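Chemist: Structure file data-v2.txt, compact mmCIF, C-alpha atoms, is pasted below:
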# COMPACT_ATOMS: atom_id res chain seq x y z
CA MET A 1 -26.95 -5.61 17.02
CA LEU A 2 -25.45 -2.25 18.03
CA THR A 3 -21.97 -3.75 17.68
CA TYR A 4 -22.62 -4.54 14.03
CA ILE A 5 -24.08 -1.11 13.26
CA SER A 6 -21.10 0.49 14.95
CA ILE A 7 -18.66 -1.68 12.94
CA ILE A 8 -20.42 -0.75 9.68
CA ILE A 9 -20.55 3.02 10.28
CA THR A 10 -16.99 3.09 11.59
CA ALA A 11 -15.57 1.14 8.65
CA ILE A 12 -17.39 3.11 5.96
CA PHE A 13 -17.19 6.69 7.23
CA ILE A 14 -15.17 7.25 10.39
CA ASN A 15 -12.15 5.06 9.63
CA ASN A 16 -12.50 4.93 5.86
CA ILE A 17 -9.91 2.48 4.52
CA VAL A 18 -8.54 4.88 1.91
CA PHE A 19 -8.79 8.27 3.59
CA SER A 20 -7.78 7.46 7.14
CA GLN A 21 -5.95 4.12 7.00
CA PHE A 22 -4.05 4.59 3.71
CA LEU A 23 -4.75 1.08 2.41
CA GLY A 24 -5.50 0.35 -1.24
CA ILE A 25 -4.01 3.62 -2.52
CA CYS A 26 -2.54 2.04 -5.68
CA PRO A 27 -5.89 1.04 -7.25
CA PHE A 28 -7.38 4.23 -5.77
CA LEU A 29 -5.00 6.31 -7.91
CA GLY A 30 -4.68 3.81 -10.76
CA VAL A 31 -8.25 3.04 -11.80
CA SER A 32 -10.10 6.19 -10.76
CA LYS A 33 -9.97 7.94 -14.12
CA LYS A 34 -13.45 6.78 -15.15
CA THR A 35 -16.54 6.21 -13.00
CA SER A 36 -17.47 2.96 -14.75
CA SER A 37 -14.10 1.27 -14.21
CA ALA A 38 -14.04 2.55 -10.62
CA LEU A 39 -17.33 0.81 -9.88
CA GLY A 40 -16.11 -2.41 -11.56
CA MET A 41 -12.95 -2.39 -9.46
CA GLY A 42 -15.02 -1.71 -6.35
CA ALA A 43 -17.23 -4.72 -7.05
CA ALA A 44 -14.28 -7.06 -7.65
CA VAL A 45 -12.49 -5.87 -4.50
CA THR A 46 -15.67 -6.25 -2.43
CA PHE A 47 -15.94 -9.87 -3.51
CA VAL A 48 -12.31 -10.72 -2.81
CA ILE A 49 -12.11 -8.89 0.54
CA THR A 50 -15.27 -10.59 1.83
CA LEU A 51 -14.12 -14.05 0.81
CA ALA A 52 -10.50 -13.55 1.90
CA THR A 53 -11.47 -12.18 5.32
CA VAL A 54 -13.65 -15.21 6.11
CA VAL A 55 -11.14 -17.77 4.79
CA CYS A 56 -8.19 -16.13 6.56
CA TRP A 57 -10.19 -15.93 9.82
CA LEU A 58 -10.95 -19.65 9.63
CA ILE A 59 -7.31 -20.49 8.87
CA GLN A 60 -6.06 -18.30 11.72
CA TYR A 61 -8.30 -19.84 14.40
CA PHE A 62 -8.55 -23.46 13.17
CA ILE A 63 -5.07 -24.10 11.76
CA LEU A 64 -2.46 -21.51 12.78
CA GLU A 65 -3.41 -21.11 16.46
CA PRO A 66 -3.98 -24.78 17.39
CA LEU A 67 -0.65 -25.68 15.76
CA GLY A 68 1.15 -22.70 17.33
CA ILE A 69 2.51 -21.39 14.02
CA THR A 70 1.01 -17.88 14.03
CA PHE A 71 4.37 -16.46 12.89
CA LEU A 72 3.59 -17.89 9.43
CA GLN A 73 0.51 -15.61 9.25
CA THR A 74 1.86 -13.22 6.58
CA ILE A 75 3.05 -15.96 4.22
CA ILE A 76 -0.10 -18.08 4.54
CA PHE A 77 -2.50 -15.14 4.17
CA ILE A 78 -0.86 -13.77 1.02
CA LEU A 79 -0.85 -17.26 -0.54
CA VAL A 80 -4.53 -17.73 0.31
CA ILE A 81 -5.34 -14.36 -1.29
CA ALA A 82 -3.32 -15.15 -4.43
CA PHE A 83 -5.07 -18.52 -4.65
CA LEU A 84 -8.54 -16.97 -4.18
CA VAL A 85 -7.93 -14.37 -6.87
CA GLN A 86 -6.69 -17.02 -9.30
CA MET A 87 -9.69 -19.24 -8.56
CA LEU A 88 -12.12 -16.35 -8.89
CA GLU A 89 -10.61 -15.62 -12.28
CA LEU A 90 -11.07 -19.21 -13.48
CA ILE A 91 -14.65 -19.48 -12.19
CA MET A 92 -15.71 -16.15 -13.65
CA LYS A 93 -14.20 -17.04 -17.01
CA LYS A 94 -16.44 -20.14 -17.15
CA VAL A 95 -19.62 -18.89 -15.47
CA THR A 96 -19.95 -15.18 -16.30
CA PRO A 97 -17.79 -14.41 -19.34
CA ALA A 98 -19.38 -10.97 -19.72
CA LEU A 99 -18.43 -9.83 -16.22
CA TYR A 100 -15.00 -11.42 -16.67
CA GLN A 101 -14.46 -9.35 -19.79
CA ALA A 102 -15.50 -6.19 -17.97
CA LEU A 103 -13.24 -6.78 -14.96
CA GLY A 104 -10.50 -8.64 -16.83
CA VAL A 105 -7.67 -6.18 -16.34
CA PHE A 106 -8.32 -5.48 -12.67
CA LEU A 107 -8.66 -9.03 -11.41
CA PRO A 108 -4.99 -10.08 -11.20
CA LEU A 109 -4.13 -6.69 -9.68
CA ILE A 110 -6.23 -7.42 -6.61
CA THR A 111 -3.59 -9.80 -5.20
CA THR A 112 -1.24 -6.88 -4.57
CA ASN A 113 -3.99 -4.60 -3.26
CA CYS A 114 -2.89 -4.00 0.29
CA ALA A 115 -6.48 -3.46 1.44
CA VAL A 116 -7.16 -7.21 1.10
CA LEU A 117 -4.21 -8.39 3.20
CA GLY A 118 -4.65 -5.39 5.49
CA VAL A 119 -8.26 -6.24 6.37
CA ALA A 120 -7.39 -9.93 6.91
CA ILE A 121 -4.65 -8.96 9.39
CA LEU A 122 -6.66 -6.15 11.06
CA VAL A 123 -9.55 -8.52 11.76
CA VAL A 124 -7.21 -10.86 13.65
CA GLN A 125 -5.55 -7.94 15.50
CA LYS A 126 -8.92 -6.56 16.60
CA GLY A 127 -10.00 -10.00 17.85
CA PHE A 128 -13.33 -10.03 15.98
CA ASN A 129 -15.46 -13.20 15.87
CA LEU A 130 -16.52 -14.70 12.52
CA MET A 131 -19.74 -12.67 12.10
CA GLU A 132 -18.03 -9.42 13.11
CA SER A 133 -15.18 -10.16 10.69
CA LEU A 134 -17.63 -10.76 7.85
CA THR A 135 -19.44 -7.49 8.65
CA TYR A 136 -16.15 -5.59 8.89
CA GLY A 137 -14.95 -7.04 5.57
CA ILE A 138 -18.12 -6.08 3.69
CA ALA A 139 -18.34 -2.62 5.30
CA THR A 140 -14.68 -1.85 4.57
CA SER A 141 -15.06 -2.76 0.93
CA ILE A 142 -18.20 -0.62 0.68
CA GLY A 143 -16.10 2.23 2.10
CA PHE A 144 -13.42 1.53 -0.51
CA THR A 145 -15.96 1.50 -3.35
CA LEU A 146 -17.52 4.73 -2.06
CA ALA A 147 -14.13 6.48 -1.92
CA LEU A 148 -13.20 5.25 -5.41
CA TRP A 149 -16.56 6.29 -6.83
CA ILE A 150 -16.54 9.84 -5.40
CA PHE A 151 -12.91 10.32 -6.40
CA SER A 152 -13.42 9.09 -9.98
CA GLY A 153 -16.24 11.62 -10.39
CA ILE A 154 -13.90 14.41 -9.27
CA ARG A 155 -11.10 13.22 -11.55
CA GLU A 156 -13.37 13.14 -14.60
CA GLN A 157 -13.95 16.87 -14.03
CA LEU A 158 -10.30 17.57 -13.16
CA ALA A 159 -9.15 16.19 -16.51
CA LEU A 160 -10.91 19.11 -18.23
CA GLN A 161 -9.22 21.86 -16.19
CA HIS A 162 -6.18 23.89 -17.22
CA ALA A 163 -3.74 23.30 -14.38
CA PRO A 164 -0.03 24.24 -14.34
CA LYS A 165 1.94 21.59 -16.27
CA ALA A 166 3.83 20.20 -13.28
CA MET A 167 0.58 19.79 -11.30
CA ARG A 168 -1.35 17.83 -13.94
CA GLY A 169 -2.28 14.22 -13.30
CA ILE A 170 -1.22 12.59 -10.05
CA PRO A 171 -0.14 15.69 -8.02
CA LEU A 172 -3.50 17.40 -8.50
CA ALA A 173 -5.32 14.11 -7.86
CA LEU A 174 -3.42 13.67 -4.58
CA ILE A 175 -4.25 17.19 -3.41
CA CYS A 176 -7.94 16.60 -4.19
CA ALA A 177 -7.75 13.33 -2.28
CA GLY A 178 -6.34 15.30 0.64
CA ILE A 179 -9.28 17.72 0.59
CA LEU A 180 -11.65 14.76 0.34
CA ALA A 181 -9.90 13.17 3.32
CA MET A 182 -10.43 16.42 5.23
CA ALA A 183 -14.15 16.16 4.49
CA PHE A 184 -14.16 12.58 5.78
CA MET A 185 -12.45 13.77 8.98
CA GLY A 186 -15.72 15.51 9.77
CA PHE A 187 -17.17 12.10 10.59
CA SER A 188 -14.58 11.42 13.26
CA GLY A 189 -16.63 13.02 16.05
CA ILE A 190 -19.46 10.51 15.68
CA LYS A 191 -19.91 8.10 18.60
CA ILE A 192 -22.15 5.05 18.39
CA GLY A 193 -23.48 3.15 21.38
CA MET B 1 32.35 -1.08 -11.60
CA LYS B 2 30.92 1.95 -13.38
CA LYS B 3 27.97 -0.16 -14.50
CA TYR B 4 27.01 -0.92 -10.90
CA TRP B 5 27.23 2.72 -9.82
CA LYS B 6 24.94 3.55 -12.70
CA ILE B 7 22.37 0.96 -11.55
CA ILE B 8 22.44 2.33 -8.00
CA TYR B 9 22.17 5.95 -9.17
CA ASN B 10 19.30 5.07 -11.50
CA GLY B 11 17.20 3.80 -8.58
CA ILE B 12 17.82 6.90 -6.47
CA ILE B 13 17.05 9.77 -8.86
CA PRO B 14 16.05 9.08 -12.51
CA SER B 15 13.58 6.34 -11.57
CA ASN B 16 12.86 7.11 -7.93
CA PRO B 17 10.14 4.63 -6.88
CA VAL B 18 7.93 7.21 -5.14
CA PHE B 19 8.36 10.51 -6.99
CA VAL B 20 8.78 9.18 -10.53
CA LEU B 21 7.35 5.65 -10.73
CA LEU B 22 4.58 6.34 -8.16
CA LEU B 23 4.85 2.90 -6.54
CA GLY B 24 4.37 1.89 -2.92
CA MET B 25 1.96 4.71 -2.14
CA CYS B 26 0.27 3.03 0.84
CA ALA B 27 3.45 2.81 2.90
CA THR B 28 4.57 6.23 1.68
CA LEU B 29 1.42 7.95 2.93
CA GLY B 30 0.75 5.79 5.96
CA THR B 31 4.09 5.82 7.76
CA THR B 32 5.43 9.34 7.22
CA SER B 33 3.82 11.23 10.11
CA SER B 34 7.37 12.07 11.26
CA ALA B 35 10.81 12.05 9.63
CA ILE B 36 12.12 9.25 11.84
CA ASN B 37 9.12 6.99 11.08
CA GLY B 38 9.62 7.56 7.35
CA LEU B 39 13.32 6.81 7.63
CA MET B 40 12.73 3.57 9.57
CA MET B 41 10.05 2.35 7.16
CA GLY B 42 12.37 3.12 4.23
CA VAL B 43 15.24 1.19 5.81
CA ALA B 44 12.97 -1.79 6.59
CA THR B 45 11.65 -1.92 3.03
CA ALA B 46 15.15 -1.49 1.58
CA ALA B 47 16.46 -4.42 3.69
CA VAL B 48 13.72 -6.72 2.39
CA LEU B 49 14.20 -5.47 -1.18
CA ILE B 50 17.96 -6.11 -1.21
CA CYS B 51 17.57 -9.65 0.22
CA SER B 52 14.65 -10.63 -2.03
CA ASN B 53 16.33 -9.22 -5.15
CA ALA B 54 19.51 -11.22 -4.44
CA VAL B 55 17.68 -14.50 -3.72
CA ILE B 56 15.35 -14.17 -6.72
CA SER B 57 18.25 -13.53 -9.11
CA MET B 58 20.03 -16.60 -7.69
CA LEU B 59 16.95 -18.78 -8.23
CA LYS B 60 15.83 -17.32 -11.55
CA ASN B 61 16.87 -20.42 -13.52
CA VAL B 62 15.23 -22.84 -11.07
CA ILE B 63 11.78 -21.19 -10.86
CA PRO B 64 9.44 -22.31 -13.68
CA ASP B 65 8.10 -19.39 -15.67
CA LYS B 66 4.42 -20.21 -15.04
CA VAL B 67 4.57 -20.05 -11.24
CA ARG B 68 7.11 -17.25 -10.95
CA ILE B 69 4.77 -14.65 -9.39
CA PRO B 70 3.64 -16.89 -6.47
CA ALA B 71 7.26 -17.99 -6.02
CA PHE B 72 8.44 -14.36 -5.84
CA ILE B 73 5.69 -13.53 -3.34
CA VAL B 74 6.70 -16.44 -1.08
CA ILE B 75 10.37 -15.36 -1.13
CA ILE B 76 9.39 -11.76 -0.29
CA ALA B 77 6.98 -12.90 2.43
CA THR B 78 9.73 -15.01 4.03
CA PHE B 79 12.02 -12.00 4.42
CA VAL B 80 9.16 -9.83 5.66
CA THR B 81 8.31 -12.41 8.34
CA ALA B 82 11.95 -12.55 9.45
CA LEU B 83 12.08 -8.74 9.61
CA GLN B 84 8.79 -8.62 11.52
CA LEU B 85 10.13 -11.02 14.18
CA LEU B 86 13.41 -9.06 14.47
CA ILE B 87 11.61 -5.72 14.90
CA ASN B 88 9.23 -7.29 17.42
CA ALA B 89 12.15 -8.58 19.46
CA TYR B 90 14.58 -5.66 19.36
CA MET B 91 12.53 -2.51 18.59
CA PRO B 92 9.04 -2.84 20.11
CA ALA B 93 8.50 0.95 19.98
CA LEU B 94 9.06 0.96 16.21
CA ASN B 95 6.70 -1.99 15.89
CA ALA B 96 3.98 0.01 17.66
CA SER B 97 4.40 3.11 15.49
CA LEU B 98 4.58 1.36 12.10
CA GLY B 99 1.95 -1.21 13.08
CA ILE B 100 0.23 -3.02 10.23
CA PHE B 101 2.53 -1.51 7.59
CA ILE B 102 5.35 -3.96 8.43
CA PRO B 103 3.50 -7.12 7.29
CA LEU B 104 2.12 -5.06 4.40
CA ILE B 105 5.65 -4.70 2.94
CA VAL B 106 4.72 -8.01 1.22
CA VAL B 107 2.20 -6.28 -1.02
CA ASN B 108 4.36 -3.22 -1.70
CA CYS B 109 4.38 -2.97 -5.50
CA ILE B 110 8.05 -1.91 -5.51
CA LEU B 111 9.27 -5.34 -4.34
CA LEU B 112 7.32 -7.41 -6.84
CA GLY B 113 8.00 -4.80 -9.53
CA ARG B 114 11.80 -4.95 -9.08
CA ALA B 115 11.69 -8.77 -8.87
CA GLU B 116 9.77 -9.04 -12.12
CA ALA B 117 11.47 -6.22 -14.04
CA PHE B 118 15.06 -6.57 -12.87
CA ALA B 119 16.06 -9.48 -10.61
CA SER B 120 14.51 -12.19 -12.78
CA LYS B 121 16.62 -11.08 -15.74
CA ASN B 122 19.98 -9.99 -14.27
CA GLY B 123 22.89 -11.39 -12.29
CA VAL B 124 23.21 -11.47 -8.49
CA LEU B 125 25.55 -8.49 -8.10
CA ALA B 126 23.55 -6.27 -10.46
CA SER B 127 20.32 -7.22 -8.66
CA LEU B 128 21.92 -6.40 -5.29
CA CYS B 129 22.89 -2.97 -6.63
CA ASP B 130 19.40 -2.44 -8.03
CA GLY B 131 17.88 -3.34 -4.64
CA LEU B 132 20.30 -0.99 -2.88
CA GLY B 133 19.61 1.90 -5.28
CA THR B 134 15.83 1.53 -5.25
CA GLY B 135 15.91 1.06 -1.46
CA ILE B 136 17.92 4.25 -0.96
CA GLY B 137 15.58 6.10 -3.34
CA PHE B 138 12.54 4.89 -1.39
CA THR B 139 14.13 5.77 1.97
CA PHE B 140 15.08 9.22 0.67
CA ALA B 141 11.53 9.88 -0.54
CA LEU B 142 9.93 8.70 2.71
CA THR B 143 12.34 10.70 4.87
CA LEU B 144 11.77 13.84 2.79
CA LEU B 145 7.99 13.49 3.02
CA GLY B 146 8.17 12.68 6.74
CA ALA B 147 10.43 15.68 7.39
CA THR B 148 8.12 18.00 5.44
CA ARG B 149 5.06 16.83 7.34
CA GLU B 150 6.80 16.96 10.72
CA LEU B 151 8.22 20.44 10.10
CA LEU B 152 4.93 21.92 8.85
CA GLY B 153 2.79 20.06 11.36
CA THR B 154 4.68 20.26 14.65
CA GLY B 155 7.55 22.66 13.96
CA SER B 156 10.27 20.13 14.67
CA LEU B 157 12.65 18.02 12.59
CA PHE B 158 13.75 14.53 13.70
CA GLY B 159 12.37 15.47 17.13
CA PHE B 160 14.39 18.74 17.43
CA SER B 161 12.25 21.85 17.76
CA ILE B 162 12.75 24.39 14.93
CA TYR B 163 9.91 26.82 15.72
CA PRO B 164 7.22 26.79 18.45
CA GLU B 165 4.70 23.98 18.09
CA ASP B 166 1.76 26.39 18.44
CA TYR B 167 2.46 27.78 14.95
CA GLY B 168 2.39 24.32 13.34
CA MET B 169 -0.45 23.24 11.05
CA LEU B 170 -1.73 20.09 12.68
CA VAL B 171 -3.45 18.96 9.48
CA PHE B 172 -0.09 17.95 7.99
CA VAL B 173 0.41 15.30 10.66
CA LEU B 174 -3.12 13.95 10.16
CA ALA B 175 -4.34 11.94 7.17
CA PRO B 176 -5.28 14.78 4.73
CA GLY B 177 -1.85 16.39 5.10
CA ALA B 178 -0.18 13.22 3.82
CA PHE B 179 -2.02 13.43 0.50
CA ILE B 180 -1.50 17.19 0.12
CA ALA B 181 2.21 17.19 1.05
CA LEU B 182 2.93 14.28 -1.31
CA GLY B 183 0.97 15.98 -4.11
CA TYR B 184 3.04 19.18 -3.83
CA LEU B 185 6.33 17.25 -3.52
CA ILE B 186 5.61 15.27 -6.71
CA ALA B 187 4.65 18.49 -8.50
CA LEU B 188 7.94 20.05 -7.37
CA VAL B 189 9.94 17.04 -8.59
CA ASN B 190 8.08 17.17 -11.94
CA LYS B 191 8.97 20.85 -12.30
CA LEU B 192 12.66 20.24 -11.49
CA ARG B 193 12.95 17.22 -13.79
CA LYS B 194 11.46 18.99 -16.79
CA ASN B 195 13.63 22.08 -16.35
CA ILE B 196 16.79 19.97 -16.36
Go through the file and emit its structure as structure tokens.
Modeler:
Amino acid sequence: MLTYISIIITAIFINNIVFSQFLGICPFLGVSKKTSSALGMGAAVTFVITLATVVCWLIQYFILEPLGITFLQTIIFILVIAFLVQMLELIMKKVTPALYQALGVFLPLITTNCAVLGVAILVVQKGFNLMESLTYGIATSIGFTLALWIFSGIREQLALQHAPKAMRGIPLALICAGILAMAFMGFSGIKIG
Amino acid sequence: MKKYWKIIYNGIIPSNPVFVLLLGMCATLGTTSSAINGLMMGVATAAVLICSNAVISMLKNVIPDKVRIPAFIVIIATFVTALQLLINAYMPALNASLGIFIPLIVVNCILLGRAEAFASKNGVLASLCDGLGTGIGFTFALTLLGATRELLGTGSLFGFSIYPEDYGMLVFVLAPGAFIALGYLIALVNKLRKNI
């Protein structure tokens, strides 16, 4: 049990995927202008990361390793993720048209979100079992959503400020992200178990 | 000939992938803790970009329009896998310091972006030049950011000591420094571009 709690706390706060591992920066900067779209993106990414982590874990240990073709890992994983995103799009279009409309723009972008491929590869590198991988996937995406949510709140306020012309937009957002990352570094002393 | 120089130049300065187009941020922030790491990551990405651009422009008439994105991703992933095996075999130290960011070249937006915007519409030689120019632009940006962080953080440049390490601000080597240094560099580039 302690292992799972440790995985969750570590993935959300101590090794936050955005602030300390630098994965998923593109959507982090791209869709963090409004809180509502940030939460929508967070939900879509959570779904894809969770599903992709489990499917990629199964493929790694039941297909790639028995056949001795682990060098194909990168190609197979990215194809699986592209396939999952496409399928998710089709299913959501049929089953929940309202949610599909709300997420519409972000869905195809998830394929090239490096957090998804990153988590799938990290899980294999860390040698987690299936349950641990599932926990790690969910916790990481909660960490991503949290980062996106906090940051979008800050950016909504930043848009109203009078900054020097050259600093407006992305430069100021990056510097704020840096200060936020410094705050998250405060968690790094925590030890569990 | 002049046309090709123009394509190369365009990738390096007027549409620099990092400072102007703001693409490939994950690799930019994650691998630039020192100048040499930034340089190596830039060269690795540039190698994949040149190869994938050339192959995609050769195959652009064969690939059906509907499945072009998955086809591009498979071509890019093939070159990344080859590069990963080469680095593993000949430069294990580099493999350890860049870590997960080597397989993640696959999802670098620059590669898919150049494939979609340039290589799928232009000839082989022009696409090669575009890959070369964008690759050099990316390498330049990563090396500059890596050098800034290394100099401010540890007081050395490419491993050579410039001022005593005790005066360095360690935060620039750690995660927050990456965001802050990149933010100021982009602001500086914005300022210079608008004055010209």
Chemist: Using only C-alpha atoms for the distances, tell me which of B:Gly135, B:Ala71, B:Asp130, B:Arg149 is nearest to B:Phe179.
Modeler: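 Closest candidate: B:Arg149.
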Chemist: Return as a PDB file with C-alpha atoms, in the coordinates of the input the residues belonging to chain B that are within 7 Å of chain A, counting all atoms listed in the file.
Modeler:
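In the end it all went to selection-v5.pdb:
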ATOM      1  CA  MET B  25       1.960   4.710  -2.140  1.00  0.00           C
ATOM      2  CA  CYS B  26       0.270   3.030   0.840  1.00  0.00           C
ATOM      3  CA  LEU B  29       1.420   7.950   2.930  1.00  0.00           C
ATOM      4  CA  GLY B  30       0.750   5.790   5.960  1.00  0.00           C
ATOM      5  CA  VAL B  74       6.700 -16.440  -1.080  1.00  0.00           C
ATOM      6  CA  ALA B  77       6.980 -12.900   2.430  1.00  0.00           C
ATOM      7  CA  THR B  78       9.730 -15.010   4.030  1.00  0.00           C
ATOM      8  CA  THR B  81       8.310 -12.410   8.340  1.00  0.00           C
ATOM      9  CA  PRO B 103       3.500  -7.120   7.290  1.00  0.00           C
ATOM     10  CA  LEU B 104       2.120  -5.060   4.400  1.00  0.00           C
ATOM     11  CA  VAL B 107       2.200  -6.280  -1.020  1.00  0.00           C
ATOM     12  CA  CYS B 109       4.380  -2.970  -5.500  1.00  0.00           C
ATOM     13  CA  ALA B 175      -4.340  11.940   7.170  1.00  0.00           C
ATOM     14  CA  PRO B 176      -5.280  14.780   4.730  1.00  0.00           C
ATOM     15  CA  GLY B 177      -1.850  16.390   5.100  1.00  0.00           C
ATOM     16  CA  PHE B 179      -2.020  13.430   0.500  1.00  0.00           C
ATOM     17  CA  ILE B 180      -1.500  17.190   0.120  1.00  0.00           C
ATOM     18  CA  GLY B 183       0.970  15.980  -4.110  1.00  0.00           C
ATOM     19  CA  TYR B 184       3.040  19.180  -3.830  1.00  0.00           C
ATOM     20  CA  ILE B 186       5.610  15.270  -6.710  1.00  0.00           C
ATOM     21  CA  ALA B 187       4.650  18.490  -8.500  1.00  0.00           C
ATOM     22  CA  ASN B 190       8.080  17.170 -11.940  1.00  0.00           C
ATOM     23  CA  LYS B 191       8.970  20.850 -12.300  1.00  0.00           C
TER      24      LYS B 191
END
Chemist: How many Å separate atom CA of A:Pro66 from atom CA of B:Ile100?
Modeler: 23.3 Å
Chemist: List the neighbours of stretch 39-53 of chain B out to 6 Å using only C-alpha atoms; skip same-chain residues closer than 6 positions along the sequence, and give me the result as a PDB file with C-alpha atoms, keeping the file's coordinate frame.
Modeler:
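That gives us selection02.pdb:
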ATOM      1  CA  ILE B  76       9.390 -11.760  -0.290  1.00  0.00           C
ATOM      2  CA  PHE B  79      12.020 -12.000   4.420  1.00  0.00           C
ATOM      3  CA  LEU B 111       9.270  -5.340  -4.340  1.00  0.00           C
ATOM      4  CA  ALA B 115      11.690  -8.770  -8.870  1.00  0.00           C
ATOM      5  CA  ALA B 119      16.060  -9.480 -10.610  1.00  0.00           C
ATOM      6  CA  SER B 127      20.320  -7.220  -8.660  1.00  0.00           C
ATOM      7  CA  LEU B 128      21.920  -6.400  -5.290  1.00  0.00           C
ATOM      8  CA  GLY B 131      17.880  -3.340  -4.640  1.00  0.00           C
ATOM      9  CA  LEU B 132      20.300  -0.990  -2.880  1.00  0.00           C
ATOM     10  CA  GLY B 135      15.910   1.060  -1.460  1.00  0.00           C
ATOM     11  CA  PHE B 138      12.540   4.890  -1.390  1.00  0.00           C
ATOM     12  CA  THR B 139      14.130   5.770   1.970  1.00  0.00           C
ATOM     13  CA  THR B 143      12.340  10.700   4.870  1.00  0.00           C
TER      14      THR B 143
END
Chemist: At a cut-off of 7 Å, using all atoms listed in the file, what residues contact stretch 152-155 of chain A? Leave out same-chain residues fewer than 2 positions from it and give the result as an MDAnalysis selection string.
Modeler: chainID A and resid 32:35 38 148:150 157:159 173
Chemist: As an exercise, work out the distance from atom CA of B:Asn95 to atom CA of B:Leu174 in Å and give it to one decimal place.
Modeler: 19.6 Å
Chemist: Can you tell me how far atom CA of A:Tyr4 sits from atom CA of A:Lys191, in Å to one decimal?
Modeler: 13.7 Å
Chemist: Excluding A:Val85 and its own-chain neighbours fewer than 6 positions away, which residues fall within 10 Å of it when counting all atoms listed in the file? Please give them as an mmCIF file with C-alpha atoms, keeping the file's coordinate frame.
Modeler:
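Saved the output as selection17.cif:
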data_model
loop_
_atom_site.group_PDB
_atom_site.id
_atom_site.type_symbol
_atom_site.label_atom_id
_atom_site.label_comp_id
_atom_site.auth_asym_id
_atom_site.auth_seq_id
_atom_site.Cartn_x
_atom_site.Cartn_y
_atom_site.Cartn_z
ATOM 1 C CA ALA A 44 -14.280 -7.060 -7.650
ATOM 2 C CA VAL A 45 -12.490 -5.870 -4.500
ATOM 3 C CA PHE A 47 -15.940 -9.870 -3.510
ATOM 4 C CA VAL A 48 -12.310 -10.720 -2.810
ATOM 5 C CA LEU A 51 -14.120 -14.050 0.810
ATOM 6 C CA ALA A 52 -10.500 -13.550 1.900
ATOM 7 C CA LEU A 79 -0.850 -17.260 -0.540
ATOM 8 C CA ILE A 91 -14.650 -19.480 -12.190
ATOM 9 C CA LEU A 107 -8.660 -9.030 -11.410
ATOM 10 C CA PRO A 108 -4.990 -10.080 -11.200
ATOM 11 C CA LEU A 109 -4.130 -6.690 -9.680
ATOM 12 C CA ILE A 110 -6.230 -7.420 -6.610
ATOM 13 C CA THR A 111 -3.590 -9.800 -5.200
#
Chemist: List the spatial neighbours of B:Thr31 as number ranges by chain - criterion: any atom at most 8 Å away, only C-alpha atoms, same-chain residues fewer than 4 positions off excluded.
Modeler: B: 27, 37-38, 41, 98, 101
Chemist: Given all atoms listed in the file as the basis, pick out the residue of A:Gly127, A:Gly40, A:Gly189, A:Pro27 nearest to A:Leu99.
Modeler: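 The answer is A:Gly40, which sits nearest to A:Leu99.
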Chemist: So, with all atoms listed in the file as the atoms that count, which of A:Thr140, A:Gln60, A:Thr70, A:Thr96 lies closest to A:Val124?
Modeler: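 Of all the options, A:Gln60 lies closest to A:Val124.
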Chemist: B:Pro92, B:Arg193, B:Leu112, B:Ala126: which is nearest B:Trp5, counting all atoms listed in the file?
Modeler: B:Ala126
Chemist: List every protein, DNA or RNA residue with an atom no more than 6 Å from (16.9, 8.2, -3.5) in the file's coordinates, counting only C-alpha atoms, and format the result as a ChimeraX atom specification.
Modeler: /B:12-13,136-138,140
Chemist: Where atoms are absent from stretch 1-9 of chain B, fill them in so it carries N, CA and C atoms, then output it as a short mmCIF file (atom, residue, chain, number, x, y, z; two decimals), keeping the file's coordinate frame.
Modeler:
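The file below, result07.cif, is the result:
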data_model
loop_
_atom_site.label_atom_id
_atom_site.label_comp_id
_atom_site.auth_asym_id
_atom_site.auth_seq_id
_atom_site.Cartn_x
_atom_site.Cartn_y
_atom_site.Cartn_z
N MET B 1 32.63 -1.83 -12.83
CA MET B 1 32.35 -1.08 -11.60
C MET B 1 31.43 0.10 -11.89
N LYS B 2 31.71 0.79 -13.02
CA LYS B 2 30.92 1.95 -13.38
C LYS B 2 29.46 1.55 -13.63
N LYS B 3 29.30 0.34 -14.19
CA LYS B 3 27.97 -0.16 -14.50
C LYS B 3 27.12 -0.25 -13.24
N TYR B 4 27.75 -0.74 -12.14
CA TYR B 4 27.01 -0.92 -10.90
C TYR B 4 26.64 0.42 -10.27
N TRP B 5 27.56 1.38 -10.34
CA TRP B 5 27.23 2.72 -9.82
C TRP B 5 26.04 3.30 -10.56
N LYS B 6 26.02 3.03 -11.89
CA LYS B 6 24.94 3.55 -12.70
C LYS B 6 23.60 2.95 -12.29
N ILE B 7 23.62 1.62 -11.98
CA ILE B 7 22.37 0.96 -11.55
C ILE B 7 21.88 1.56 -10.24
N ILE B 8 22.83 1.77 -9.29
CA ILE B 8 22.44 2.33 -8.00
C ILE B 8 21.88 3.74 -8.18
N TYR B 9 22.60 4.57 -8.97
CA TYR B 9 22.17 5.95 -9.17
C TYR B 9 20.79 6.00 -9.82
#
